[in-house]
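Visitor: Here you go, upload-v7.cif (mmCIF, C-alpha atoms):
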```cif
data_target
#
loop_
_atom_site.group_PDB
_atom_site.id
_atom_site.type_symbol
_atom_site.label_atom_id
_atom_site.label_comp_id
_atom_site.auth_asym_id
_atom_site.auth_seq_id
_atom_site.Cartn_x
_atom_site.Cartn_y
_atom_site.Cartn_z
ATOM 1 C CA MET G 1 -18.222 6.195 14.561
ATOM 2 C CA LYS G 2 -19.548 9.616 15.485
ATOM 3 C CA ARG G 3 -20.673 11.841 12.659
ATOM 4 C CA ALA G 4 -19.985 15.554 12.793
ATOM 5 C CA TYR G 5 -20.914 18.675 10.873
ATOM 6 C CA TYR G 6 -18.551 19.958 8.216
ATOM 7 C CA THR G 7 -16.433 22.982 9.029
ATOM 8 C CA SER G 8 -16.545 26.028 6.764
ATOM 9 C CA PHE G 9 -12.971 27.340 6.668
ATOM 10 C CA SER G 10 -11.575 28.253 3.272
ATOM 11 C CA ARG G 11 -8.806 26.224 1.641
ATOM 12 C CA ALA G 12 -6.407 29.153 1.926
ATOM 13 C CA LEU G 13 -6.980 29.413 5.672
ATOM 14 C CA ALA G 14 -6.613 25.655 6.018
ATOM 15 C CA LEU G 15 -3.293 25.745 4.163
ATOM 16 C CA ALA G 16 -1.987 28.333 6.596
ATOM 17 C CA THR G 17 -3.261 26.200 9.466
ATOM 18 C CA PHE G 18 -1.331 23.054 8.590
ATOM 19 C CA ILE G 19 1.837 24.974 7.690
ATOM 20 C CA ILE G 20 2.011 26.792 11.037
ATOM 21 C CA ALA G 21 0.605 23.965 13.163
ATOM 22 C CA THR G 22 4.113 22.792 14.011
ATOM 23 C CA SER G 23 4.667 25.919 16.109
ATOM 24 C CA GLY G 24 1.473 25.663 18.131
ATOM 25 C CA TYR G 25 2.346 23.017 20.731
ATOM 26 C CA PRO G 26 4.919 23.148 23.533
ATOM 27 C CA LEU G 27 7.857 20.815 23.427
ATOM 28 C CA ALA G 28 7.234 17.516 25.156
ATOM 29 C CA THR G 29 9.688 15.511 27.227
ATOM 30 C CA ALA G 30 9.930 11.788 27.842
ATOM 31 C CA SER G 31 9.071 10.766 31.382
ATOM 32 C CA GLY G 32 8.128 7.084 31.163
ATOM 33 C CA SER G 33 9.368 4.540 33.692
ATOM 34 C CA VAL G 34 10.911 2.498 30.866
ATOM 35 C CA PRO G 35 13.221 4.827 28.917
ATOM 36 C CA ALA G 36 13.307 4.320 25.176
ATOM 37 C CA SER G 37 16.580 4.221 23.312
ATOM 38 C CA VAL G 38 16.714 6.979 20.692
ATOM 39 C CA GLN G 39 19.302 7.171 17.924
ATOM 40 C CA THR G 40 19.861 9.576 15.036
ATOM 41 C CA VAL G 41 21.212 8.340 11.710
ATOM 42 C CA ARG G 42 22.583 10.943 9.298
ATOM 43 C CA PHE G 43 21.829 9.218 6.030
ATOM 44 C CA GLN G 44 23.287 10.495 2.764
ATOM 45 C CA SER G 45 20.740 10.026 -0.017
ATOM 46 C CA LYS G 46 22.076 9.526 -3.505
ATOM 47 C CA LEU G 47 18.612 9.982 -5.006
ATOM 48 C CA ILE G 48 17.973 13.347 -3.327
ATOM 49 C CA ASN G 49 21.658 14.284 -3.259
ATOM 50 C CA ALA G 50 21.339 15.494 0.321
ATOM 51 C CA THR G 51 21.754 14.389 3.912
ATOM 52 C CA LEU G 52 18.384 13.164 5.166
ATOM 53 C CA PRO G 53 18.665 12.289 8.870
ATOM 54 C CA TYR G 54 16.233 9.985 10.596
ATOM 55 C CA ASN G 55 15.503 9.291 14.257
ATOM 56 C CA VAL G 56 14.989 5.776 15.596
ATOM 57 C CA ILE G 57 13.269 4.681 18.801
ATOM 58 C CA LEU G 58 14.444 1.211 19.812
ATOM 59 C CA PRO G 59 12.131 -0.895 21.982
ATOM 60 C CA PRO G 60 13.008 -1.818 25.572
ATOM 61 C CA GLY G 61 15.178 -4.918 25.624
ATOM 62 C CA TYR G 62 16.555 -4.362 22.116
ATOM 63 C CA ARG G 63 20.152 -4.592 23.346
ATOM 64 C CA ALA G 64 19.455 -7.509 25.687
ATOM 65 C CA THR G 65 19.676 -9.999 22.822
ATOM 66 C CA ALA G 66 21.556 -10.128 19.550
ATOM 67 C CA THR G 67 19.039 -12.270 17.690
ATOM 68 C CA THR G 68 15.477 -10.962 18.269
ATOM 69 C CA ARG G 69 13.992 -9.155 15.291
ATOM 70 C CA TYR G 70 11.360 -6.427 15.512
ATOM 71 C CA PRO G 71 8.668 -4.880 13.295
ATOM 72 C CA VAL G 72 9.093 -1.276 12.192
ATOM 73 C CA LEU G 73 6.659 1.637 12.146
ATOM 74 C CA TYR G 74 7.741 4.386 9.747
ATOM 75 C CA LEU G 75 6.284 7.560 11.271
ATOM 76 C CA LEU G 76 6.394 10.510 8.858
ATOM 77 C CA HIS G 77 6.258 14.242 9.646
ATOM 78 C CA GLY G 78 3.952 16.908 8.255
ATOM 79 C CA HIS G 79 4.297 19.960 5.996
ATOM 80 C CA GLY G 80 6.629 22.599 7.394
ATOM 81 C CA GLY G 81 8.120 20.055 9.774
ATOM 82 C CA HIS G 82 11.166 17.827 10.011
ATOM 83 C CA TYR G 83 12.338 14.437 11.282
ATOM 84 C CA THR G 84 12.679 15.791 14.853
ATOM 85 C CA ASP G 85 9.005 16.778 15.189
ATOM 86 C CA TRP G 86 7.568 13.603 16.683
ATOM 87 C CA LEU G 87 10.229 13.445 19.401
ATOM 88 C CA THR G 88 10.091 17.131 20.346
ATOM 89 C CA ARG G 89 6.380 17.875 19.988
ATOM 90 C CA THR G 90 4.789 14.690 21.333
ATOM 91 C CA ASN G 91 5.489 12.048 23.957
ATOM 92 C CA ILE G 92 6.168 9.435 21.291
ATOM 93 C CA ALA G 93 9.232 8.088 23.144
ATOM 94 C CA ASP G 94 7.078 7.259 26.168
ATOM 95 C CA TYR G 95 4.243 5.822 24.103
ATOM 96 C CA ALA G 96 6.545 3.661 21.968
ATOM 97 C CA SER G 97 8.198 2.144 25.058
ATOM 98 C CA GLN G 98 5.013 0.103 25.608
ATOM 99 C CA TYR G 99 5.544 -1.879 22.390
ATOM 100 C CA ARG G 100 8.102 -4.322 21.023
ATOM 101 C CA MET G 101 8.470 -2.303 17.856
ATOM 102 C CA ILE G 102 11.060 -0.021 16.246
ATOM 103 C CA VAL G 103 9.827 3.465 15.293
ATOM 104 C CA VAL G 104 11.644 5.282 12.482
ATOM 105 C CA MET G 105 11.030 9.006 11.873
ATOM 106 C CA PRO G 106 12.612 10.146 8.574
ATOM 107 C CA GLU G 107 13.244 13.544 7.016
ATOM 108 C CA GLY G 108 10.801 14.261 4.189
ATOM 109 C CA ASN G 109 11.058 18.071 3.950
ATOM 110 C CA ASN G 110 7.973 19.461 2.135
ATOM 111 C CA SER G 111 8.017 16.746 -0.507
ATOM 112 C CA TRP G 112 4.542 15.281 0.104
ATOM 113 C CA TYR G 113 6.522 12.017 -0.025
ATOM 114 C CA VAL G 114 6.131 11.760 -3.792
ATOM 115 C CA ASP G 115 8.430 11.575 -6.796
ATOM 116 C CA GLY G 116 7.803 15.174 -7.804
ATOM 117 C CA ALA G 117 7.405 16.807 -11.189
ATOM 118 C CA SER G 118 10.366 19.146 -10.723
ATOM 119 C CA GLY G 119 13.280 16.868 -11.534
ATOM 120 C CA SER G 120 15.481 13.880 -10.821
ATOM 121 C CA SER G 121 16.487 14.998 -7.290
ATOM 122 C CA ASP G 122 12.870 15.221 -6.128
ATOM 123 C CA LYS G 123 12.220 11.504 -5.646
ATOM 124 C CA TYR G 124 11.141 11.166 -2.047
ATOM 125 C CA GLU G 125 8.796 8.246 -2.664
ATOM 126 C CA THR G 126 11.587 6.227 -4.229
ATOM 127 C CA TYR G 127 13.906 7.385 -1.444
ATOM 128 C CA ILE G 128 11.621 6.027 1.281
ATOM 129 C CA LEU G 129 11.219 2.660 -0.418
ATOM 130 C CA GLN G 130 14.609 2.083 -2.017
ATOM 131 C CA GLU G 131 17.074 3.906 0.230
ATOM 132 C CA LEU G 132 15.624 4.504 3.686
ATOM 133 C CA MET G 133 13.996 1.125 4.295
ATOM 134 C CA PRO G 134 16.996 -0.934 3.108
ATOM 135 C CA ASP G 135 19.261 1.203 5.301
ATOM 136 C CA VAL G 136 17.046 0.589 8.346
ATOM 137 C CA ASP G 137 17.031 -3.140 7.595
ATOM 138 C CA LYS G 138 20.817 -3.105 7.347
ATOM 139 C CA ARG G 139 21.417 -1.211 10.596
ATOM 140 C CA TYR G 140 18.760 -2.782 12.815
ATOM 141 C CA ARG G 141 17.309 -6.219 13.517
ATOM 142 C CA THR G 142 14.050 -5.816 11.633
ATOM 143 C CA ILE G 143 11.411 -8.252 10.416
ATOM 144 C CA GLN G 144 11.948 -7.899 6.683
ATOM 145 C CA SER G 145 8.490 -8.710 5.370
ATOM 146 C CA ARG G 146 5.203 -6.854 4.970
ATOM 147 C CA TYR G 147 4.071 -8.149 8.364
ATOM 148 C CA GLY G 148 7.050 -6.378 9.868
ATOM 149 C CA ARG G 149 6.328 -2.956 8.358
ATOM 150 C CA ALA G 150 3.793 -0.212 9.036
ATOM 151 C CA ILE G 151 3.664 3.406 7.903
ATOM 152 C CA ALA G 152 1.764 6.385 9.303
ATOM 153 C CA GLY G 153 1.766 10.158 9.498
ATOM 154 C CA LEU G 154 -0.147 13.399 9.945
ATOM 155 C CA SER G 155 -1.593 15.851 7.410
ATOM 156 C CA MET G 156 0.927 15.799 4.510
ATOM 157 C CA SER G 157 2.375 12.509 5.683
ATOM 158 C CA GLY G 158 -1.039 11.052 6.467
ATOM 159 C CA TYR G 159 -1.708 11.464 2.764
ATOM 160 C CA GLY G 160 1.648 9.878 1.980
ATOM 161 C CA ALA G 161 1.145 6.916 4.310
ATOM 162 C CA ILE G 162 -2.297 6.002 2.970
ATOM 163 C CA LYS G 163 -1.066 6.380 -0.604
ATOM 164 C CA TYR G 164 1.867 4.051 0.098
ATOM 165 C CA GLY G 165 -0.515 1.513 1.593
ATOM 166 C CA LEU G 166 -2.639 1.608 -1.560
ATOM 167 C CA LYS G 167 0.307 1.481 -3.963
ATOM 168 C CA TYR G 168 2.561 -0.986 -2.148
ATOM 169 C CA PRO G 169 0.429 -3.625 -0.408
ATOM 170 C CA SER G 170 3.262 -6.155 -0.551
ATOM 171 C CA VAL G 171 5.454 -3.812 1.527
ATOM 172 C CA PHE G 172 3.164 -2.789 4.415
ATOM 173 C CA ALA G 173 0.721 -4.608 6.677
ATOM 174 C CA PHE G 174 -0.686 -1.366 8.103
ATOM 175 C CA ALA G 175 -1.058 2.259 6.983
ATOM 176 C CA GLY G 176 -2.354 5.016 9.245
ATOM 177 C CA SER G 177 -3.215 8.688 9.002
ATOM 178 C CA MET G 178 -4.108 11.527 11.340
ATOM 179 C CA SER G 179 -5.753 14.578 9.744
ATOM 180 C CA GLY G 180 -4.659 13.395 6.304
ATOM 181 C CA ALA G 181 -4.510 16.019 3.542
ATOM 182 C CA PHE G 182 -5.994 13.604 1.008
ATOM 183 C CA GLY G 183 -7.205 16.263 -1.402
ATOM 184 C CA VAL G 184 -3.792 17.811 -2.081
ATOM 185 C CA THR G 185 -3.767 16.846 -5.779
ATOM 186 C CA ARG G 186 -7.089 18.672 -6.254
ATOM 187 C CA TYR G 187 -5.837 22.048 -5.049
ATOM 188 C CA THR G 188 -5.998 24.823 -7.647
ATOM 189 C CA GLU G 189 -4.120 28.092 -8.082
ATOM 190 C CA LYS G 190 -7.264 30.111 -7.351
ATOM 191 C CA GLU G 191 -7.864 28.290 -4.092
ATOM 192 C CA MET G 192 -4.259 28.440 -2.907
ATOM 193 C CA GLY G 193 -3.463 31.902 -4.227
ATOM 194 C CA GLY G 194 -0.142 33.554 -5.071
ATOM 195 C CA ALA G 195 3.064 32.135 -3.652
ATOM 196 C CA ASN G 196 1.222 29.295 -1.910
ATOM 197 C CA TRP G 197 0.546 27.719 -5.301
ATOM 198 C CA GLU G 198 4.157 27.479 -6.495
ATOM 199 C CA PRO G 199 5.269 24.611 -4.215
ATOM 200 C CA PHE G 200 2.253 22.518 -5.258
ATOM 201 C CA LEU G 201 2.963 23.218 -8.924
ATOM 202 C CA LYS G 202 6.594 22.221 -8.432
ATOM 203 C CA THR G 203 5.667 18.974 -6.702
ATOM 204 C CA PHE G 204 2.614 17.818 -8.649
ATOM 205 C CA GLY G 205 2.794 19.729 -11.924
ATOM 206 C CA PRO G 206 -0.155 21.579 -13.514
ATOM 207 C CA LEU G 207 -3.733 20.382 -13.164
ATOM 208 C CA GLY G 208 -4.257 17.316 -15.304
ATOM 209 C CA SER G 209 -0.565 16.378 -15.341
ATOM 210 C CA GLU G 210 0.470 12.742 -15.197
ATOM 211 C CA THR G 211 2.342 13.355 -11.938
ATOM 212 C CA ARG G 212 -0.785 14.793 -10.363
ATOM 213 C CA LYS G 213 -2.948 11.885 -11.545
ATOM 214 C CA ALA G 214 -0.409 9.294 -10.403
ATOM 215 C CA ASN G 215 -0.437 10.749 -6.888
ATOM 216 C CA ASP G 216 -4.189 11.312 -6.534
ATOM 217 C CA ILE G 217 -5.449 8.939 -3.835
ATOM 218 C CA PHE G 218 -8.962 8.924 -5.258
ATOM 219 C CA GLU G 219 -7.710 8.073 -8.759
ATOM 220 C CA ILE G 220 -5.591 5.272 -7.299
ATOM 221 C CA MET G 221 -8.687 3.960 -5.540
ATOM 222 C CA LYS G 222 -10.698 3.952 -8.773
ATOM 223 C CA ALA G 223 -8.056 1.860 -10.514
ATOM 224 C CA LEU G 224 -7.980 -0.896 -7.877
ATOM 225 C CA THR G 225 -9.092 -4.260 -9.196
ATOM 226 C CA PRO G 226 -11.023 -6.655 -6.914
ATOM 227 C CA ALA G 227 -7.922 -8.837 -6.682
ATOM 228 C CA ARG G 228 -5.818 -5.847 -5.688
ATOM 229 C CA VAL G 229 -8.315 -4.876 -3.008
ATOM 230 C CA THR G 230 -7.914 -8.239 -1.296
ATOM 231 C CA SER G 231 -4.155 -7.701 -1.037
ATOM 232 C CA LEU G 232 -4.313 -4.302 0.683
ATOM 233 C CA PRO G 233 -3.002 -3.667 4.197
ATOM 234 C CA TYR G 234 -5.234 -2.631 7.091
ATOM 235 C CA PHE G 235 -5.969 1.108 7.132
ATOM 236 C CA TYR G 236 -6.677 3.440 10.027
ATOM 237 C CA PHE G 237 -7.385 7.150 9.654
ATOM 238 C CA ASP G 238 -8.995 9.878 11.717
ATOM 239 C CA CYS G 239 -9.774 13.577 11.530
ATOM 240 C CA GLY G 240 -10.736 16.214 14.082
ATOM 241 C CA THR G 241 -14.291 17.538 13.877
ATOM 242 C CA GLU G 242 -12.931 21.092 14.173
ATOM 243 C CA ASP G 243 -10.428 20.592 11.347
ATOM 244 C CA ALA G 244 -10.799 22.542 8.115
ATOM 245 C CA ALA G 245 -13.295 21.308 5.517
ATOM 246 C CA GLN G 246 -10.332 20.876 3.173
ATOM 247 C CA HIS G 247 -9.231 17.945 5.338
ATOM 248 C CA PHE G 248 -12.416 16.819 7.072
ATOM 249 C CA ASP G 249 -14.457 16.458 3.870
ATOM 250 C CA ARG G 250 -11.808 14.423 2.093
ATOM 251 C CA ASN G 251 -11.346 12.087 5.068
ATOM 252 C CA ARG G 252 -15.057 11.367 5.136
ATOM 253 C CA GLU G 253 -15.108 10.924 1.353
ATOM 254 C CA LEU G 254 -12.246 8.448 1.513
ATOM 255 C CA SER G 255 -13.978 6.442 4.220
ATOM 256 C CA GLU G 256 -17.130 6.224 2.116
ATOM 257 C CA ILE G 257 -15.117 4.865 -0.820
ATOM 258 C CA PHE G 258 -13.399 2.351 1.446
ATOM 259 C CA LEU G 259 -16.826 1.183 2.616
ATOM 260 C CA GLU G 260 -18.059 0.865 -0.975
ATOM 261 C CA ARG G 261 -15.002 -1.171 -1.968
ATOM 262 C CA LYS G 262 -15.166 -3.253 1.237
ATOM 263 C CA ILE G 263 -11.592 -2.377 2.185
ATOM 264 C CA PRO G 264 -10.793 -3.263 5.809
ATOM 265 C CA HIS G 265 -10.289 -0.032 7.688
ATOM 266 C CA GLU G 266 -11.233 2.055 10.677
ATOM 267 C CA TYR G 267 -12.153 5.720 10.372
ATOM 268 C CA ARG G 268 -12.789 8.004 13.346
ATOM 269 C CA GLU G 269 -14.116 11.541 13.662
ATOM 270 C CA LEU G 270 -13.027 12.965 17.010
ATOM 271 C CA PRO G 271 -13.048 16.310 18.832
ATOM 272 C CA GLY G 272 -10.004 18.345 17.843
ATOM 273 C CA ASN G 273 -8.356 20.410 15.141
ATOM 274 C CA HIS G 274 -5.205 20.438 13.006
ATOM 275 C CA SER G 275 -2.770 20.660 15.913
ATOM 276 C CA TRP G 276 -0.044 18.868 17.830
ATOM 277 C CA GLN G 277 -2.369 18.469 20.774
ATOM 278 C CA TYR G 278 -4.638 16.351 18.581
ATOM 279 C CA TRP G 279 -1.748 14.389 17.016
ATOM 280 C CA ASP G 280 -0.126 13.678 20.378
ATOM 281 C CA GLN G 281 -3.412 12.112 21.421
ATOM 282 C CA GLN G 282 -4.033 10.125 18.250
ATOM 283 C CA VAL G 283 -0.534 8.798 17.679
ATOM 284 C CA GLN G 284 -1.186 6.610 20.704
ATOM 285 C CA GLU G 285 -3.993 4.900 18.779
ATOM 286 C CA VAL G 286 -1.797 4.552 15.708
ATOM 287 C CA LEU G 287 0.900 2.807 17.754
ATOM 288 C CA LYS G 288 -1.654 0.507 19.363
ATOM 289 C CA ILE G 289 -3.283 -0.566 16.097
ATOM 290 C CA ALA G 290 0.036 -0.888 14.273
ATOM 291 C CA ALA G 291 1.302 -3.195 17.028
ATOM 292 C CA GLU G 292 -1.836 -5.329 16.679
ATOM 293 C CA LYS G 293 -1.382 -5.710 12.928
ATOM 294 C CA LEU G 294 2.351 -6.418 12.949
ATOM 295 C CA HIS G 295 4.207 -9.571 13.930
ATOM 296 C CA ALA G 296 5.946 -8.622 17.153
ATOM 297 C CA PRO G 297 8.474 -10.895 18.867
ATOM 298 C CA ARG G 298 7.201 -12.907 21.808
ATOM 299 C CA ARG G 299 8.069 -11.767 25.284
ATOM 300 C CA LYS G 300 10.401 -14.137 27.121
#
```
Take the structure in the file and give it back as structure tokens.
Guide:
Amino acid sequence: MKRAYYTSFSRALALATFIIATSGYPLATASGSVPASVQTVRFQSKLINATLPYNVILPPGYRATATTRYPVLYLLHGHGGHYTDWLTRTNIADYASQYRMIVVMPEGNNSWYVDGASGSSDKYETYILQELMPDVDKRYRTIQSRYGRAIAGLSMSGYGAIKYGLKYPSVFAFAGSMSGAFGVTRYTEKEMGGANWEPFLKTFGPLGSETRKANDIFEIMKALTPARVTSLPYFYFDCGTEDAAQHFDRNRELSEIFLERKIPHEYRELPGNHSWQYWDQQVQEVLKIAAEKLHAPRRK
């Protein structure tokens, strides 16, 4: 693992960076020799009381048999983005065609994938686990065990994916993050400033709130018992060396805690910043490692 110097951008600048990052990369098109099958499901969530579509990439050969079951990678989008991002801003369809794995890309809005402090219709964590995943299992031939499920994401959703891996080890065999915003629950009004603070207050509540504590990755880590540690999935996370200190510092801090607790993981510091160019590159590694950790069907 290469070490790198910390960047010195302010938290406010970093916030602006990850909010506008979705507009900084040209649309990508699939061009692989083995075309992937892409479907869109317009799911009506009772928990959120809204339509939350999700895209699905089916592996080559999915329709060739009616019995083969496949593992699923849940690939989440970042802040300011939507369920279409991975398909339109990266070559994920081409990359996924190399693996015997279903890729599901859900709508998470700007929820941080948590059950927020604002009310009963702000339960995106429960939605992912209790509505989305059962719906995917019902519609597609999935391997319905932890060794058939992985979850990953970038920035906001990198935070969400690692948190899910820590909280729900019986559900996932792998959790991955690119440029994870792991320090989100530590943000303060002074650091965020003005209108930028309101969404965080709505989602996590005031500093010291139970919602904020329950969603703090570092607090979750502290509470892990030795027995719990042995049950955790495999973790992968990376961060660009030109990313903001807000993200880079927390990624390095998390890796150090993982090392102290002897939690199986891989952490990489690589050239790049908080951008789609970086994520298009690193999602290839996420797919590769997820495929290694999941139980894929044998090729015939």
Visitor: For the interface of stretch 63-144 of chain G with stretch 271-293 of chain G (cut-off 12 Å, counting only C-alpha atoms), please tabulate each contacting residue of stretch 63-144 of chain G alongside its nearest pair of atoms and their separation in Å to one decimal, rows sorted by chain and increasing number, as a tab-separated table.
Guide:
```
residue	atom	partner	partner_atom	distance
G:Tyr70	CA	G:Ala291	CA	10.7
G:Pro71	CA	G:Ala291	CA	8.4
G:Val72	CA	G:Ala290	CA	9.3
G:Leu73	CA	G:Ala290	CA	7.4
G:Tyr74	CA	G:Ala290	CA	10.4
G:Leu75	CA	G:Val283	CA	9.4
G:Leu76	CA	G:Val283	CA	11.3
G:His77	CA	G:Trp279	CA	10.9
G:Gly78	CA	G:Trp276	CA	10.6
G:His79	CA	G:His274	CA	11.8
G:Gly81	CA	G:Trp276	CA	11.5
G:Asp85	CA	G:Trp276	CA	9.7
G:Trp86	CA	G:Asp280	CA	8.5
G:Leu87	CA	G:Asp280	CA	10.4
G:Thr88	CA	G:Trp276	CA	10.6
G:Arg89	CA	G:Trp276	CA	6.8
G:Thr90	CA	G:Asp280	CA	5.1
G:Asn91	CA	G:Asp280	CA	6.9
G:Ile92	CA	G:Val283	CA	7.6
G:Ala93	CA	G:Gln284	CA	10.8
G:Asp94	CA	G:Gln284	CA	9.9
G:Tyr95	CA	G:Gln284	CA	6.5
G:Ala96	CA	G:Leu287	CA	7.1
G:Ser97	CA	G:Leu287	CA	10.3
G:Gln98	CA	G:Lys288	CA	9.1
G:Tyr99	CA	G:Ala291	CA	7.0
G:Arg100	CA	G:Ala291	CA	8.0
G:Met101	CA	G:Ala291	CA	7.3
G:Ile102	CA	G:Ala291	CA	10.3
G:Val103	CA	G:Leu287	CA	9.3
```
Visitor: Near G:Gly160, within 10 Å and counting all atoms listed in the file, which residues show up once chain neighbours fewer than 5 positions away are dropped, as a JSON list (two decimals) with C-alpha atoms, in the frame of the given file?
Guide:
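Output (result-v3.json):
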```json
[["chain", "number", "residue", "atom", "x", "y", "z"],
["G", 76, "LEU", "CA", 6.39, 10.51, 8.86],
["G", 77, "HIS", "CA", 6.26, 14.24, 9.65],
["G", 78, "GLY", "CA", 3.95, 16.91, 8.26],
["G", 111, "SER", "CA", 8.02, 16.75, -0.51],
["G", 112, "TRP", "CA", 4.54, 15.28, 0.10],
["G", 113, "TYR", "CA", 6.52, 12.02, -0.02],
["G", 114, "VAL", "CA", 6.13, 11.76, -3.79],
["G", 125, "GLU", "CA", 8.80, 8.25, -2.66],
["G", 151, "ILE", "CA", 3.66, 3.41, 7.90],
["G", 152, "ALA", "CA", 1.76, 6.38, 9.30],
["G", 153, "GLY", "CA", 1.77, 10.16, 9.50],
["G", 154, "LEU", "CA", -0.15, 13.40, 9.94],
["G", 155, "SER", "CA", -1.59, 15.85, 7.41],
["G", 165, "GLY", "CA", -0.52, 1.51, 1.59],
["G", 166, "LEU", "CA", -2.64, 1.61, -1.56],
["G", 175, "ALA", "CA", -1.06, 2.26, 6.98],
["G", 176, "GLY", "CA", -2.35, 5.02, 9.24],
["G", 177, "SER", "CA", -3.22, 8.69, 9.00],
["G", 180, "GLY", "CA", -4.66, 13.40, 6.30],
["G", 181, "ALA", "CA", -4.51, 16.02, 3.54],
["G", 182, "PHE", "CA", -5.99, 13.60, 1.01],
["G", 215, "ASN", "CA", -0.44, 10.75, -6.89],
["G", 217, "ILE", "CA", -5.45, 8.94, -3.84]]
```
Visitor: Determine the nearest neighbour of G:Pro169 from the options G:Tyr124, G:Tyr187, G:Phe218, G:Tyr234, counting only C-alpha atoms.
Guide: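 Among the listed residues, G:Tyr234 lies closest to G:Pro169.
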Visitor: Could you give me, as JSON, numbers by chain, the residues within 8 Å of G:Lys167, counting all atoms listed in the file and dropping anything in the same chain fewer than 3 positions from it?
Guide: {"G": [163, 164, 220]}
Visitor: Starting from 3 Å padding per side, set up an axis-aligned box that covers all listed atoms of stretch 115-126 of chain G and hand over centre and edge lengths in Å, one decimal, as JSON.
Guide:
```
{"center_x": 11.9, "center_y": 12.7, "center_z": -6.8, "size_x": 15.1, "size_y": 18.9, "size_z": 15.5}
```
Visitor: Pick out the closest residue to G:Tyr147 from this set: G:Met133, G:Phe174, G:Ile162, G:Ser231. Count only C-alpha atoms.
Guide: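 The shortest atom-to-atom distance to G:Tyr147 comes from G:Phe174.
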Visitor: Would you compute the distance between atom CA of G:Asn196 and atom CA of G:Ser179? Give it in Å to one decimal.
Guide: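 Calculated distance between atom CA of G:Asn196 and atom CA of G:Ser179 is 20.0 Å.
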Visitor: Residues near G:Gly119, anyone? I mean within 12 Å using only C-alpha atoms, not counting same-chain ones fewer than 6 positions away, as a PyMOL selection string.
Guide: chain G and resi 47-48+202-205+211
Visitor: When you count all atoms listed in the file, which of these residues is closest to G:Asp249: G:Pro297, G:Ala117, G:Gly183, G:Leu232?
Guide: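 Of the candidates, the smallest distance to G:Asp249 is held by G:Gly183.
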Visitor: Between G:His295, G:Arg212, G:Arg186, G:Arg69, which has the minimum distance to G:Phe172 (counting only C-alpha atoms)?
Guide: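 Of G:His295, G:Arg212, G:Arg186, G:Arg69, the one nearest G:Phe172, counting only C-alpha atoms, is G:His295.
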